[in-house]
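Colleague: Contents of coords26.txt (compact mmCIF, C-alpha atoms):
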# COMPACT_ATOMS: atom_id res chain seq x y z
CA MET A 63 204.04 26.89 61.81
CA GLN A 64 204.02 29.30 64.76
CA VAL A 65 205.48 32.06 62.59
CA LEU A 66 202.84 31.45 59.89
CA ALA A 67 200.02 31.53 62.46
CA LEU A 68 201.37 34.77 63.86
CA LEU A 69 201.52 36.33 60.39
CA ILE A 70 197.90 35.32 59.76
CA VAL A 71 196.81 36.91 63.06
CA LEU A 72 198.73 40.10 62.28
CA ALA A 73 197.23 40.25 58.78
CA ALA A 74 193.73 39.85 60.21
CA GLN A 75 194.42 42.58 62.74
CA ASP A 76 195.73 44.87 59.99
CA ALA A 77 192.65 44.15 57.89
CA GLU A 78 190.36 44.87 60.84
CA THR A 79 192.13 48.18 61.42
CA LEU A 80 191.70 49.12 57.76
CA VAL A 81 188.00 48.17 57.87
CA ARG A 82 187.44 50.31 60.97
CA SER A 83 189.20 53.19 59.24
CA ALA A 84 187.07 52.66 56.11
CA ASP A 85 183.86 52.54 58.17
CA ILE A 86 184.71 55.89 59.79
CA LYS A 87 185.54 57.46 56.43
CA TYR A 88 182.31 56.09 54.94
CA LYS A 89 180.25 57.66 57.74
CA GLU A 90 182.09 60.94 57.21
CA ARG A 91 181.27 60.73 53.47
CA ASP A 92 184.90 60.28 52.45
CA ILE A 93 183.87 57.67 49.89
CA THR A 94 187.16 57.65 48.00
CA GLY A 95 189.14 57.08 51.19
CA ALA A 96 186.74 54.41 52.43
CA LEU A 97 186.91 52.56 49.10
CA ALA A 98 190.72 52.60 49.20
CA ASP A 99 190.82 51.25 52.76
CA TYR A 100 188.32 48.47 52.05
CA SER A 101 190.38 47.43 49.02
CA ARG A 102 193.62 47.48 51.03
CA ALA A 103 191.97 45.35 53.71
CA ILE A 104 191.07 42.79 51.05
CA GLU A 105 194.68 42.78 49.80
CA VAL A 106 195.90 42.11 53.33
CA ASP A 107 193.24 39.47 54.04
CA PRO A 108 191.45 38.06 50.97
CA ARG A 109 188.83 36.49 53.25
CA CYS A 110 187.91 39.71 55.08
CA SER A 111 184.12 39.62 54.65
CA PRO A 112 183.41 43.07 56.24
CA ALA A 113 185.76 44.65 53.68
CA TYR A 114 183.96 43.00 50.77
CA PHE A 115 180.64 44.08 52.26
CA GLY A 116 181.75 47.69 52.70
CA ARG A 117 183.19 47.87 49.20
CA GLY A 118 180.04 46.24 47.83
CA GLN A 119 177.92 48.97 49.40
CA ILE A 120 180.02 51.70 47.84
CA ARG A 121 180.04 50.05 44.43
CA ALA A 122 176.28 49.55 44.56
CA ASN A 123 175.74 53.22 45.39
CA LYS A 124 177.99 54.15 42.45
CA GLY A 125 175.89 52.01 40.11
CA GLN A 126 178.67 49.44 39.64
CA LEU A 127 176.20 46.61 40.10
CA PRO A 128 178.11 43.55 38.77
CA GLU A 129 181.16 44.52 40.83
CA ALA A 130 178.97 45.13 43.90
CA GLU A 131 177.28 41.74 43.53
CA ALA A 132 180.68 40.08 43.25
CA ASP A 133 181.80 41.74 46.50
CA TYR A 134 178.63 40.73 48.35
CA THR A 135 179.15 37.19 47.07
CA ARG A 136 182.72 37.08 48.35
CA ALA A 137 181.47 38.40 51.70
CA VAL A 138 178.93 35.59 52.18
CA GLU A 139 181.36 32.98 50.88
CA SER A 140 183.86 34.09 53.53
CA ASP A 141 181.20 34.30 56.24
CA PRO A 142 177.93 32.42 55.49
CA LYS A 143 176.42 33.87 58.68
CA PHE A 144 176.93 37.49 57.53
CA ALA A 145 173.25 38.52 57.47
CA LYS A 146 173.86 42.09 56.27
CA ALA A 147 175.82 40.84 53.26
CA TRP A 148 173.02 38.44 52.31
CA PHE A 149 170.59 41.33 52.70
CA GLY A 150 172.75 43.68 50.64
CA ARG A 151 172.95 41.21 47.77
CA GLY A 152 169.22 40.61 48.08
CA MET A 153 168.50 44.32 47.72
CA LEU A 154 170.81 44.55 44.71
CA ARG A 155 169.14 41.55 43.09
CA THR A 156 165.72 43.06 43.76
CA TYR A 157 166.87 46.20 41.95
CA THR A 158 168.11 44.16 38.97
CA ASN A 159 164.84 42.17 38.83
CA ASN A 160 166.44 38.89 39.92
CA GLU A 161 163.49 38.01 42.14
CA THR A 162 164.43 34.38 42.65
CA GLY A 163 167.95 35.28 43.72
CA ALA A 164 166.73 38.10 45.95
CA LEU A 165 164.21 35.84 47.67
CA ALA A 166 166.91 33.26 48.36
CA ASP A 167 169.23 35.96 49.77
CA PHE A 168 166.60 37.43 52.08
CA THR A 169 165.89 33.91 53.29
CA LYS A 170 169.58 33.40 54.06
CA ALA A 171 169.61 36.75 55.89
CA VAL A 172 166.77 35.79 58.26
CA GLU A 173 168.27 32.34 58.78
CA ALA A 174 171.54 33.98 59.78
CA ASP A 175 169.80 36.55 61.98
CA PRO A 176 166.16 35.74 62.85
CA ALA A 177 165.85 39.17 64.53
CA TYR A 178 166.67 41.00 61.27
CA SER A 179 163.33 42.82 60.89
CA LEU A 180 164.32 44.66 57.71
CA ALA A 181 165.10 41.37 55.98
CA TRP A 182 161.70 39.95 56.97
CA PHE A 183 160.06 43.16 55.73
CA ASN A 184 161.80 43.10 52.35
CA ARG A 185 161.14 39.41 51.84
CA ALA A 186 157.48 40.14 52.55
CA LEU A 187 157.51 42.99 50.04
CA LEU A 188 159.03 40.72 47.41
CA ARG A 189 156.54 37.94 48.14
CA LEU A 190 153.71 40.43 47.81
CA SER A 191 154.95 41.50 44.37
CA ARG A 192 155.12 37.80 43.39
CA LYS A 193 151.51 37.34 44.55
CA GLU A 194 152.60 34.96 47.30
CA TYR A 195 150.09 36.54 49.65
CA ASP A 196 150.11 34.03 52.48
CA GLY A 197 153.90 34.11 52.61
CA ALA A 198 153.84 37.90 52.58
CA VAL A 199 151.38 37.99 55.49
CA SER A 200 153.59 35.59 57.46
CA ASP A 201 156.74 37.65 56.85
CA TYR A 202 155.09 40.96 57.62
CA THR A 203 153.76 39.43 60.84
CA LYS A 204 157.30 38.43 61.82
CA ALA A 205 158.54 41.96 61.04
CA ILE A 206 155.71 43.40 63.16
CA ASP A 207 156.55 41.07 66.06
CA LEU A 208 160.12 42.35 65.96
CA LYS A 209 159.19 46.04 65.54
CA PRO A 210 155.60 46.48 66.77
CA GLN A 211 155.81 50.28 66.60
CA ASP A 212 156.69 50.35 62.89
CA ALA A 213 153.64 51.56 60.97
CA ASP A 214 155.09 50.38 57.64
CA GLY A 215 154.83 46.75 58.75
CA TYR A 216 151.09 47.11 59.33
CA ILE A 217 150.64 48.92 56.01
CA GLY A 218 152.52 46.13 54.22
CA ARG A 219 150.51 43.38 55.88
CA GLY A 220 147.34 45.33 55.16
CA ASN A 221 148.29 45.40 51.49
CA ALA A 222 148.83 41.64 51.56
CA TYR A 223 145.44 41.05 53.18
CA ALA A 224 143.80 43.44 50.69
CA SER A 225 145.41 41.56 47.80
CA LYS A 226 143.88 38.36 49.20
CA GLY A 227 140.49 40.09 49.33
CA ASP A 228 140.38 40.08 53.14
CA HIS A 229 139.50 43.75 53.50
CA ASP A 230 138.36 43.52 57.13
CA LYS A 231 141.85 42.45 58.24
CA ALA A 232 143.39 44.96 55.86
CA ILE A 233 141.36 47.81 57.36
CA ALA A 234 142.33 46.71 60.87
CA ASP A 235 146.03 46.85 59.92
CA TYR A 236 145.69 50.22 58.20
CA SER A 237 143.89 51.56 61.27
CA LYS A 238 146.75 50.37 63.49
CA ALA A 239 149.24 52.07 61.15
CA ILE A 240 147.24 55.30 61.46
CA ASP A 241 147.34 55.03 65.26
CA LEU A 242 151.12 54.63 65.15
CA LYS A 243 151.74 57.27 62.49
CA PRO A 244 148.75 59.63 62.24
CA GLY A 245 150.70 62.06 60.07
CA SER A 246 151.05 59.58 57.19
CA SER A 247 148.40 60.01 54.51
CA SER A 248 149.25 56.72 52.75
CA ALA A 249 147.64 54.54 55.43
CA TYR A 250 144.42 56.52 55.06
CA VAL A 251 144.51 56.08 51.28
CA TYR A 252 145.00 52.32 51.55
CA LYS A 253 142.26 52.07 54.16
CA GLY A 254 139.87 54.05 51.99
CA ASP A 255 140.61 51.80 49.02
CA SER A 256 139.69 48.71 51.05
CA GLN A 257 136.50 50.41 52.23
CA MET A 258 135.67 51.08 48.58
CA LYS A 259 136.17 47.44 47.74
CA LYS A 260 133.88 46.46 50.60
CA GLY A 261 131.19 48.50 48.86
CA ASP A 262 131.19 51.44 51.28
CA PRO A 263 132.05 54.57 49.24
CA ILE A 264 130.76 56.93 51.94
CA ALA A 265 133.15 55.59 54.58
CA ALA A 266 135.90 55.60 51.95
CA MET A 267 135.17 59.22 51.05
CA LEU A 268 135.52 60.23 54.70
CA THR A 269 138.79 58.33 55.02
CA PHE A 270 140.22 59.93 51.86
CA THR A 271 139.15 63.31 53.21
CA LYS A 272 141.21 62.62 56.33
CA ALA A 273 144.19 61.76 54.14
CA ILE A 274 143.81 65.13 52.42
CA GLU A 275 143.63 66.91 55.78
CA VAL A 276 146.89 65.22 56.76
CA ASN A 277 148.55 65.98 53.42
CA PRO A 278 146.75 68.47 51.15
CA LYS A 279 149.22 67.68 48.35
CA ASP A 280 148.52 63.94 48.25
CA ALA A 281 147.32 63.55 44.67
CA GLU A 282 146.35 59.92 45.22
CA ALA A 283 144.02 60.89 48.06
CA TYR A 284 142.13 63.25 45.72
CA TYR A 285 142.26 60.65 42.95
CA PHE A 286 140.74 57.89 45.06
CA ARG A 287 138.24 60.22 46.72
CA GLY A 288 137.12 61.02 43.19
CA PHE A 289 136.17 57.39 42.72
CA ALA A 290 134.47 57.26 46.12
CA ASN A 291 132.39 60.32 45.24
CA TYR A 292 131.64 58.91 41.80
CA ASP A 293 130.44 55.60 43.23
CA ARG A 294 128.19 57.38 45.72
CA HIS A 295 126.82 59.34 42.73
CA ALA A 296 128.22 62.70 43.88
CA TYR A 297 129.44 63.49 40.37
CA ALA A 298 130.19 67.19 40.86
CA GLU A 299 132.39 66.43 43.86
CA ALA A 300 134.06 63.61 41.93
CA GLY A 301 134.89 66.02 39.13
CA GLU A 302 136.45 68.48 41.57
CA ASP A 303 138.60 65.73 43.08
CA PHE A 304 139.80 64.45 39.71
CA ARG A 305 140.67 67.97 38.59
CA LYS A 306 142.61 68.61 41.81
CA ALA A 307 144.51 65.33 41.43
CA TYR A 308 145.39 66.32 37.86
CA GLU A 309 146.55 69.80 38.91
CA LEU A 310 148.89 68.35 41.52
CA ASN A 311 150.61 66.47 38.67
CA ARG A 312 151.94 63.64 40.84
CA LEU A 313 150.11 60.62 39.48
CA SER A 314 151.35 57.82 37.26
CA GLU A 315 150.56 58.01 33.57
CA ILE A 316 147.86 55.35 33.74
CA ARG A 317 146.09 57.09 36.62
CA THR A 318 146.27 60.44 34.86
CA ASP A 319 144.71 58.82 31.78
CA THR A 320 141.99 57.20 33.88
CA LEU A 321 140.98 60.41 35.65
CA GLN A 322 140.66 62.13 32.26
CA LEU A 323 138.16 59.47 31.21
CA ARG A 324 136.26 59.99 34.47
CA LEU A 325 136.19 63.74 33.88
CA TRP A 326 134.53 63.05 30.55
CA LEU A 327 131.88 60.91 32.28
CA VAL A 328 131.21 63.55 34.93
CA LYS A 329 130.87 66.37 32.39
CA ALA A 330 128.82 64.34 29.93
CA ARG A 331 126.40 63.32 32.67
CA SER A 332 125.82 67.00 33.44
CA GLY A 333 124.89 67.75 29.82
CA ARG A 334 128.33 69.02 28.74
CA ALA A 335 129.31 66.17 26.43
CA ALA A 336 130.60 68.47 23.69
CA ASP A 337 132.93 70.31 26.08
CA ALA A 338 133.98 67.03 27.65
CA THR A 339 134.83 65.54 24.26
CA ARG A 340 136.85 68.55 23.16
CA GLU A 341 138.90 68.53 26.38
CA LEU A 342 139.45 64.76 26.33
CA LYS A 343 140.62 64.83 22.72
CA ALA A 344 142.99 67.69 23.49
CA TYR A 345 144.49 65.69 26.38
CA SER A 346 144.77 62.56 24.22
CA GLU A 347 146.56 64.39 21.44
CA LYS A 348 148.90 66.57 23.54
CA GLU A 349 149.55 64.80 26.83
CA HIS A 350 148.82 61.08 26.55
CA ARG A 351 152.16 59.32 26.24
CA GLY A 352 150.99 55.92 25.08
CA ARG A 353 151.34 54.68 21.55
CA LYS A 354 148.84 55.70 18.91
CA GLY A 355 145.81 53.42 18.79
CA ASP A 356 146.35 51.92 22.26
CA TRP A 357 143.43 50.92 24.48
CA PHE A 358 143.14 54.36 26.05
CA SER A 359 142.89 55.88 22.57
CA GLN A 360 140.13 53.42 21.66
CA ILE A 361 138.14 54.39 24.75
CA VAL A 362 138.58 58.08 23.87
CA ALA A 363 137.37 57.43 20.33
CA PHE A 364 134.32 55.58 21.65
CA LEU A 365 133.39 58.25 24.18
CA ALA A 366 133.89 60.95 21.55
CA GLY A 367 131.53 59.17 19.16
CA ASP A 368 134.23 58.36 16.61
CA LEU A 369 134.12 54.60 17.21
CA PRO A 370 130.81 52.69 17.03
CA GLU A 371 129.81 50.73 20.12
CA GLU A 372 129.80 47.34 18.40
CA GLN A 373 133.31 47.88 17.07
CA PHE A 374 134.53 49.17 20.43
CA LEU A 375 133.22 46.14 22.29
CA ALA A 376 134.76 43.82 19.72
CA LEU A 377 138.19 45.41 20.26
CA ALA A 378 138.18 44.53 23.97
CA GLY A 379 140.62 41.70 24.58
CA GLY A 380 141.14 40.10 27.98
CA LYS A 381 139.14 40.54 31.17
CA ASP A 382 140.50 44.00 32.01
CA GLN A 383 139.46 45.51 28.69
CA ILE A 384 136.11 43.67 28.70
CA CYS A 385 135.41 45.23 32.10
CA ASP A 386 136.43 48.68 30.85
CA ALA A 387 134.32 48.36 27.73
CA GLY A 388 131.23 47.22 29.63
CA PHE A 389 131.53 50.06 32.10
CA TYR A 390 132.05 52.89 29.60
CA ALA A 391 129.41 51.54 27.22
CA GLY A 392 127.01 51.26 30.15
CA VAL A 393 127.52 54.87 31.23
CA LYS A 394 126.93 56.09 27.68
CA LYS A 395 123.64 54.18 27.69
CA VAL A 396 122.73 55.77 31.04
CA ILE A 397 123.35 59.19 29.51
CA ALA A 398 121.18 58.16 26.55
CA LYS A 399 118.50 57.03 29.08
CA ASP A 400 118.56 53.42 27.80
CA ARG A 401 118.43 51.68 31.18
CA ALA A 402 118.00 48.15 29.81
CA ALA A 403 121.08 48.38 27.59
CA ALA A 404 123.05 50.06 30.38
CA LYS A 405 122.16 47.23 32.76
CA ALA A 406 123.37 44.61 30.27
CA HIS A 407 126.69 46.38 29.80
CA PHE A 408 127.27 46.82 33.52
CA LYS A 409 126.59 43.14 34.10
CA LYS A 410 129.23 42.23 31.51
CA ALA A 411 131.73 44.45 33.30
CA ILE A 412 130.90 42.80 36.62
CA ASP A 413 131.01 39.30 35.14
CA SER A 414 134.65 39.91 34.20
CA GLY A 415 135.50 39.66 37.92
CA VAL A 416 138.34 42.15 37.50
CA ASN A 417 139.40 44.00 40.65
CA SER A 418 139.44 47.48 39.10
CA SER A 419 137.82 50.88 39.57
CA GLU A 420 135.64 50.19 36.53
CA TYR A 421 134.38 46.98 38.13
CA TRP A 422 133.42 48.68 41.39
CA SER A 423 131.86 51.63 39.57
CA ALA A 424 129.83 49.23 37.42
CA MET A 425 128.53 47.69 40.65
CA ALA A 426 127.54 51.14 41.92
CA GLU A 427 125.92 52.05 38.60
CA LEU A 428 123.93 48.82 38.51
CA GLU A 429 122.41 49.54 41.91
CA VAL A 430 120.88 52.73 40.52
CA VAL A 431 119.85 51.25 37.17
CA ASP A 432 118.12 48.35 38.95
CA LYS A 433 115.92 50.68 41.00
Would you put the structure from the file into structure tokens?

Modeller:
Amino acid sequence: MQVLALLIVLAAQDAETLVRSADIKYKERDITGALADYSRAIEVDPRCSPAYFGRGQIRANKGQLPEAEADYTRAVESDPKFAKAWFGRGMLRTYTNNETGALADFTKAVEADPAYSLAWFNRALLRLSRKEYDGAVSDYTKAIDLKPQDADGYIGRGNAYASKGDHDKAIADYSKAIDLKPGSSSAYVYKGDSQMKKGDPIAAMLTFTKAIEVNPKDAEAYYFRGFANYDRHAYAEAGEDFRKAYELNRLSEIRTDTLQLRLWLVKARSGRAADATRELKAYSEKEHRGRKGDWFSQIVAFLAGDLPEEQFLALAGGKDQICDAGFYAGVKKVIAKDRAAAKAHFKKAIDSGVNSSEYWSAMAELEVVDK
């Protein structure tokens, strides 16, 4: 028995030595050597959790996801208190869209190490994506308590508050993030978006302008300032912002499509509907990457005059499309100087209750039409 115990101790020591060697090689970017040492450590001691964890990291980085998950699993089976291994598997499961598994792993990570701020942060991020807003706020708050100088924690909690519709608290968190990291344009963009949703496009415009000063290549800052200018009825400035956002070519497909529709509205309102239609059709035919006949294409056809209003409105399915249809139909009626019809369309857009740029713009349009 004494000999067996001694052999076990020696094996563990050998495994620890191999893990230390692998860790050094990994830091020095000798990935092949690190992988070999982690694997040898596992051969020496099949319960060596740090070796499984290290090998899991390498396999994950190589895209060998099933093998990486298996290594992380062996690591936590060998040491249920190994917080980093729970976190590593949680990150992998997040990447593979196993939200339930990832949430459980992040929970295990914070149970094993309550001071693990990154685990709290990532569980909050996951809860936010699952629309568990109260849980997200709670987790972000814990992450902030642990790292009060981390601006990202305040931005995350601000996003959770904004998703709940509590824009005052969201703005307070974004403002704190700006204080901590004044060179980050994203906090300004998020803050401006919440100001927009509070019905204050002028304050939002000023905030987006600050974001642009911080980062002149932030396409989203120009994009959102375009909406702020539109909703404060500064259509020429809105057009300039949308064009700049488009030129920077850093927006998602859906946002690029949306700004093209807004450019049509801006140009048509200034009496250049023919030019606007030609340019929008050219974009739709050459650059729009959606399938033929999708909702964007239907809006284009309506704005271009190729789809009658009644048919366009009938095609709208679901609250999002009903809101879109009411807004775009309302603006066309404004251009046609039919205030009563415009008002009815804007009210339908608002009645949808959708939290979208079309909803907030319909609110801004209705204020003018009602005067």

Colleague: List the spatial neighbours of Phe408 in chain A as a count of residues only - criterion: any atom at most 7 Å away, only C-alpha atoms, same-chain residues fewer than 4 positions off excluded.

Modeller: 7

Colleague: Taking only C-alpha atoms into account, name the residue in A:Asp214, A:Glu341, A:Glu129, A:Asp196 that is nearest to Ile240 in chain A.

Modeller: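 Among A:Asp214, A:Glu341, A:Glu129, A:Asp196, it is A:Asp214 that comes nearest to Ile240 in chain A.
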
Colleague: For Ala281 in chain A, which residue out of A:Lys259, A:Glu299, A:Ser225, A:Lys306 is the nearest one, using only C-alpha atoms?

Modeller: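 Of all the options, A:Lys306 lies closest to Ala281 in chain A.
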
Colleague: As an exercise, work out the distance from CA of Cys385 in chain A to CA of Val362 in chain A in Å and give it to one decimal place.

Modeller: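 Those two atoms sit 15.6 Å apart.
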
Colleague: How many Å separate CA of Asp167 in chain A from CA of Arg155 in chain A?

Modeller: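 It comes out at 8.7 Å.
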
Colleague: Within 12 Å of His350 in chain A, counting all atoms listed in the file, which residues qualify if same-chain residues fewer than 6 places away don't, as a list of chain:residue names?

Modeller: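 Surrounding residues, per the criterion: A:Ser314, A:Glu315, A:Ile316, A:Arg317, A:Thr318, A:Asp319, A:Thr320, A:Gln322, A:Leu323, A:Leu342, A:Lys343, A:Ala344, A:Asp356, A:Trp357, A:Phe358, A:Ser359, A:Val362.
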
Colleague: Restricting the calculation to only C-alpha atoms, which member of A:Ala366, A:Ala290, A:Ala338, A:Ala132 is positioned closest to Glu420 in chain A?

Modeller: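 Closest candidate: A:Ala290.
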
Colleague: Nearest to Thr135 in chain A: which of A:Ala177, A:Ala273, A:Val430, A:Ala147 is it, counting only C-alpha atoms?

Modeller: A:Ala147
